[in-house]
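Visitor: Next up, upload-v6.cif (mmCIF, C-alpha atoms).
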```cif
data_my_file
#
loop_
_atom_site.label_atom_id
_atom_site.label_comp_id
_atom_site.auth_asym_id
_atom_site.auth_seq_id
_atom_site.Cartn_x
_atom_site.Cartn_y
_atom_site.Cartn_z
CA MET Q 1 1.57 16.23 3.14
CA PHE Q 2 5.06 16.30 4.71
CA ASN Q 3 8.25 14.46 3.89
CA LYS Q 4 8.81 11.47 6.19
CA ASN Q 5 11.88 13.12 7.77
CA ILE Q 6 10.03 16.37 8.41
CA LYS Q 7 7.41 14.39 10.34
CA LEU Q 8 10.16 13.08 12.64
CA VAL Q 9 11.57 16.60 13.14
CA ILE Q 10 8.11 17.93 13.99
CA THR Q 11 7.65 15.07 16.46
CA ALA Q 12 10.99 15.85 18.12
CA LEU Q 13 10.12 19.56 18.40
CA ILE Q 14 6.72 18.82 19.92
CA VAL Q 15 8.23 16.39 22.43
CA ALA Q 16 10.90 18.96 23.35
CA TYR Q 17 8.21 21.59 23.93
CA ALA Q 18 6.21 19.04 25.95
CA ILE Q 19 9.25 18.48 28.19
CA TYR Q 20 9.52 22.25 28.61
CA GLN Q 21 5.86 22.34 29.61
CA PHE Q 22 6.46 19.58 32.17
CA VAL Q 23 9.39 21.56 33.64
CA GLU Q 24 7.26 24.71 33.82
CA GLY Q 25 4.58 22.80 35.74
CA SER Q 26 1.93 22.59 32.99
CA ILE Q 27 1.45 18.84 33.18
CA GLY Q 28 -1.80 18.90 31.17
CA ASN Q 29 -0.22 20.80 28.30
CA GLY Q 30 2.74 18.42 28.29
CA ILE Q 31 0.50 15.35 28.14
CA PHE Q 32 -1.54 16.87 25.34
CA LEU Q 33 1.61 17.68 23.36
CA ILE Q 34 2.92 14.12 23.81
CA LEU Q 35 -0.39 12.80 22.45
CA LEU Q 36 -0.17 15.29 19.57
CA SER Q 37 3.32 14.07 18.71
CA LEU Q 38 1.99 10.50 18.50
CA ILE Q 39 -0.14 11.58 15.53
CA PHE Q 40 3.01 12.48 13.57
CA VAL Q 41 4.67 9.21 14.57
CA PHE Q 42 1.58 7.35 13.30
CA LEU Q 43 1.65 9.31 10.05
CA TYR Q 44 5.35 8.45 9.63
CA PHE Q 45 4.47 4.76 9.49
CA ARG Q 46 1.11 5.16 7.72
CA ASN Q 47 1.07 7.85 5.06
CA GLU Q 48 -2.10 9.92 5.10
CA PHE Q 49 -2.56 9.94 1.33
CA ILE Q 50 -2.24 6.17 1.10
CA LEU Q 51 -4.82 5.80 3.89
CA LEU Q 52 -7.21 8.10 2.01
CA ALA Q 53 -6.53 6.19 -1.23
CA PHE Q 54 -7.42 2.92 0.51
CA LEU Q 55 -10.68 4.48 1.71
CA ARG Q 56 -11.51 5.45 -1.90
CA MET Q 57 -10.52 1.97 -3.09
CA ARG Q 58 -12.92 0.48 -0.55
CA LYS Q 59 -15.74 2.47 -2.19
CA GLN Q 60 -14.63 1.20 -5.65
CA ASP Q 61 -13.78 4.77 -6.68
CA MET Q 62 -10.71 4.20 -8.87
CA ALA Q 63 -10.57 7.82 -10.07
CA GLY Q 64 -10.60 9.07 -6.49
CA THR Q 65 -7.95 6.55 -5.51
CA GLU Q 66 -5.72 7.68 -8.35
CA LYS Q 67 -6.30 11.32 -7.41
CA TRP Q 68 -5.11 10.73 -3.82
CA LEU Q 69 -2.09 8.73 -4.98
CA GLU Q 70 -1.07 11.41 -7.45
CA ARG Q 71 -0.82 13.90 -4.60
CA ILE Q 72 2.33 12.09 -3.51
CA LYS Q 73 4.83 13.95 -5.68
CA ASN Q 74 8.06 12.09 -4.85
CA PRO Q 75 7.25 8.64 -3.40
CA GLU Q 76 10.90 7.71 -2.80
CA ALA Q 77 11.42 10.70 -0.50
CA ALA Q 78 7.99 10.89 1.09
CA LEU Q 79 7.35 7.19 1.81
CA THR Q 80 9.06 4.34 3.60
CA SER Q 81 9.80 1.22 1.55
CA LYS Q 82 6.65 -0.63 2.69
CA GLN Q 83 4.57 2.44 1.91
CA GLN Q 84 6.16 2.58 -1.54
CA GLY Q 85 5.12 -1.06 -1.94
CA TYR Q 86 1.50 -0.20 -1.19
CA TYR Q 87 1.73 2.88 -3.42
CA ASN Q 88 2.75 0.65 -6.34
CA TYR Q 89 0.22 -2.02 -5.32
CA LEU Q 90 -2.64 0.49 -5.52
CA PHE Q 91 -1.43 1.79 -8.87
CA GLY Q 92 -1.23 -1.82 -10.05
CA ILE Q 93 -4.87 -2.35 -9.12
CA ILE Q 94 -5.87 0.87 -10.89
CA TYR Q 95 -3.92 0.07 -14.07
CA SER Q 96 -5.09 -3.55 -14.17
CA GLN Q 97 -8.33 -2.17 -15.61
CA LYS Q 98 -6.59 0.14 -18.09
CA ASN Q 99 -3.16 -1.11 -19.17
CA LEU Q 100 -1.91 -4.60 -18.28
CA THR Q 101 1.73 -3.85 -19.07
CA GLN Q 102 1.75 -0.90 -16.66
CA ALA Q 103 -0.12 -2.93 -14.05
CA GLU Q 104 2.44 -5.72 -14.30
CA LYS Q 105 5.24 -3.22 -13.78
CA TYR Q 106 3.56 -1.77 -10.68
CA PHE Q 107 2.76 -5.18 -9.16
CA LYS Q 108 6.34 -6.41 -9.65
CA LYS Q 109 7.71 -3.26 -8.06
CA ALA Q 110 5.28 -3.63 -5.14
CA LEU Q 111 6.40 -7.21 -4.57
CA LYS Q 112 10.04 -6.13 -4.74
CA LEU Q 113 9.53 -3.34 -2.18
CA GLY Q 114 7.39 -5.56 0.04
CA LEU Q 115 3.88 -5.60 1.43
CA ASN Q 116 2.98 -6.15 5.09
CA MET Q 117 0.00 -8.46 4.79
CA ASP Q 118 0.05 -11.97 3.32
CA TYR Q 119 -3.36 -11.28 1.78
CA ASP Q 120 -1.95 -8.32 -0.16
CA LEU Q 121 1.01 -10.39 -1.33
CA ALA Q 122 -1.36 -13.14 -2.45
CA MET Q 123 -3.58 -10.64 -4.25
CA ALA Q 124 -0.61 -9.08 -6.06
CA LYS Q 125 0.68 -12.50 -7.13
CA LEU Q 126 -2.80 -13.55 -8.23
CA SER Q 127 -3.09 -10.41 -10.33
CA LEU Q 128 0.34 -11.03 -11.83
CA ALA Q 129 -0.71 -14.61 -12.60
CA GLY Q 130 -3.79 -13.29 -14.42
CA ILE Q 131 -1.67 -10.88 -16.44
CA ALA Q 132 0.83 -13.63 -17.28
CA MET Q 133 -2.03 -15.91 -18.31
CA GLN Q 134 -3.43 -13.26 -20.65
CA LYS Q 135 0.03 -12.84 -22.18
CA ARG Q 136 0.26 -16.64 -22.73
CA ARG Q 137 3.04 -17.23 -20.18
CA LYS Q 138 1.61 -20.40 -18.65
CA ARG Q 139 4.67 -21.48 -16.62
CA GLU Q 140 5.00 -18.10 -14.91
CA ALA Q 141 1.27 -17.97 -14.23
CA THR Q 142 1.33 -21.44 -12.68
CA THR Q 143 4.16 -20.59 -10.29
CA LEU Q 144 2.53 -17.31 -9.29
CA LEU Q 145 -0.77 -19.11 -8.65
CA GLN Q 146 0.97 -21.65 -6.42
CA GLU Q 147 2.67 -18.86 -4.47
CA ALA Q 148 -0.63 -17.03 -4.09
CA LYS Q 149 -2.27 -20.24 -2.86
CA LYS Q 150 0.43 -20.65 -0.18
CA LEU Q 151 0.04 -17.05 0.96
CA ASP Q 152 -3.77 -17.22 1.17
CA LYS Q 153 -3.98 -18.57 4.71
CA ASN Q 154 -7.55 -17.39 5.38
CA ASN Q 155 -8.88 -18.90 2.13
CA MET Q 156 -10.23 -15.57 0.94
CA LEU Q 157 -8.95 -16.03 -2.62
CA THR Q 158 -9.64 -19.75 -3.11
CA GLU Q 159 -12.51 -19.17 -5.54
CA GLN Q 160 -10.46 -16.82 -7.71
CA ILE Q 161 -7.49 -19.22 -7.64
CA LYS Q 162 -9.70 -22.18 -8.64
CA MET Q 163 -11.31 -20.15 -11.41
CA MET Q 164 -7.89 -19.15 -12.73
CA GLN Q 165 -6.68 -22.75 -12.62
CA GLN Q 166 -9.73 -23.79 -14.68
CA GLN Q 167 -8.96 -21.09 -17.22
CA MET Q 168 -5.33 -22.21 -17.25
CA LYS Q 169 -6.39 -25.67 -18.44
CA LYS Q 170 -7.93 -24.10 -21.55
CA ILE Q 171 -4.63 -22.53 -22.58
#
```
Could I get this file's structure written as structure tokens?
Guide:
Amino acid sequence: MFNKNIKLVITALIVAYAIYQFVEGSIGNGIFLILLSLIFVFLYFRNEFILLAFLRMRKQDMAGTEKWLERIKNPEAALTSKQQGYYNYLFGIIYSQKNLTQAEKYFKKALKLGLNMDYDLAMAKLSLAGIAMQKRRKREATTLLQEAKKLDKNNMLTEQIKMMQQQMKKI
């Protein structure tokens, strides 16, 4: 919706007006404005379109996810680096069903920009391992699988990793 810097300016203006309200004696208005400014601080660190895209992804609606992600016109200006990582991660998931070369590009860019959760890193590396395996790059797929196995601390991807290792033996 807004550029990340505009969100900070709006927050500063709201806090300044809240201080004015405190000075004028309207304590309730000042408290409300401080709480309102916290919404913009939250949206600085968690982009609203990426949150909505994750909600669509949760419902397995890839078209809806892509629609929300495409509303971000200039990701470099509108998102922080971690948000850009998740932006590329979501596009990687979407394109993994359409175009593996594009998906590989998005996953590599997401890993370069960084992801917050170890599970997301493991999932991205697992997906890259699957793409490398389909392109007959066994050595790269093996190293990515080992990295994904190390990152999967809650053992949520163990079945997929084992299945991929079995498929790797056939290559």
Visitor: Counting all atoms listed in the file, figure out which residue out of Q:Leu69, Q:Met164, Q:Leu35, Q:Met156 gets nearest to Met133 (chain Q).
Guide: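 Looking at the shortest contact to Met133 (chain Q), the residue is Q:Met164.
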Visitor: With the PyMOL selection byres ((chain Q and resi 93-101) around 10) as the selection, what would be picked from this file? Answer as a list in words, please.
Guide: Met57, Asp61, Met62, Ala63, Thr65, Glu66, Asn88, Tyr89, Leu90, Phe91, Gly92, Gln102, Ala103, Glu104, Lys105, Tyr106, Phe107, Met123, Ala124, Ser127, Leu128, Gly130, Ile131, Ala132, Gln134 and Lys135 of chain Q
Visitor: State, in Å with one decimal place, the distance from CA of Ala129 (chain Q) to CA of Thr80 (chain Q).
Guide: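 Taking CA of Ala129 (chain Q) and CA of Thr80 (chain Q), their separation equals 26.8 Å.
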Visitor: For the file shown, what are the residues hit by the PyMOL selection byres ((chain Q and resi 15-22) around 12), laid out as a ChimeraX atom specification?
Guide: /Q:8-14,23-41
Visitor: Could you tell me which residues the PyMOL selection byres ((chain Q and resi 85) around 6) grabs in this file, written as an MDAnalysis selection string?
Guide: chainID Q and resid 82:84 86:88 110 113:115
Visitor: Please work out which residues fall within 12 Å of (-3.1, -8.8, 6.7), coordinates as given in the file, with all atoms listed in the file counting, and return them as number ranges by chain.
Guide: Q: 115-123, 151-154, 156
Visitor: Tell me, in Å to one decimal, how far CA of Asn74 (chain Q) is from CA of Lys108 (chain Q).
Guide: 19.2 Å
Visitor: Rank nothing, just name the residue among Q:Lys125, Q:Lys149, Q:Lys138, Q:Lys7 nearest to Gln167 (chain Q), using all atoms listed in the file.
Guide: Q:Lys138
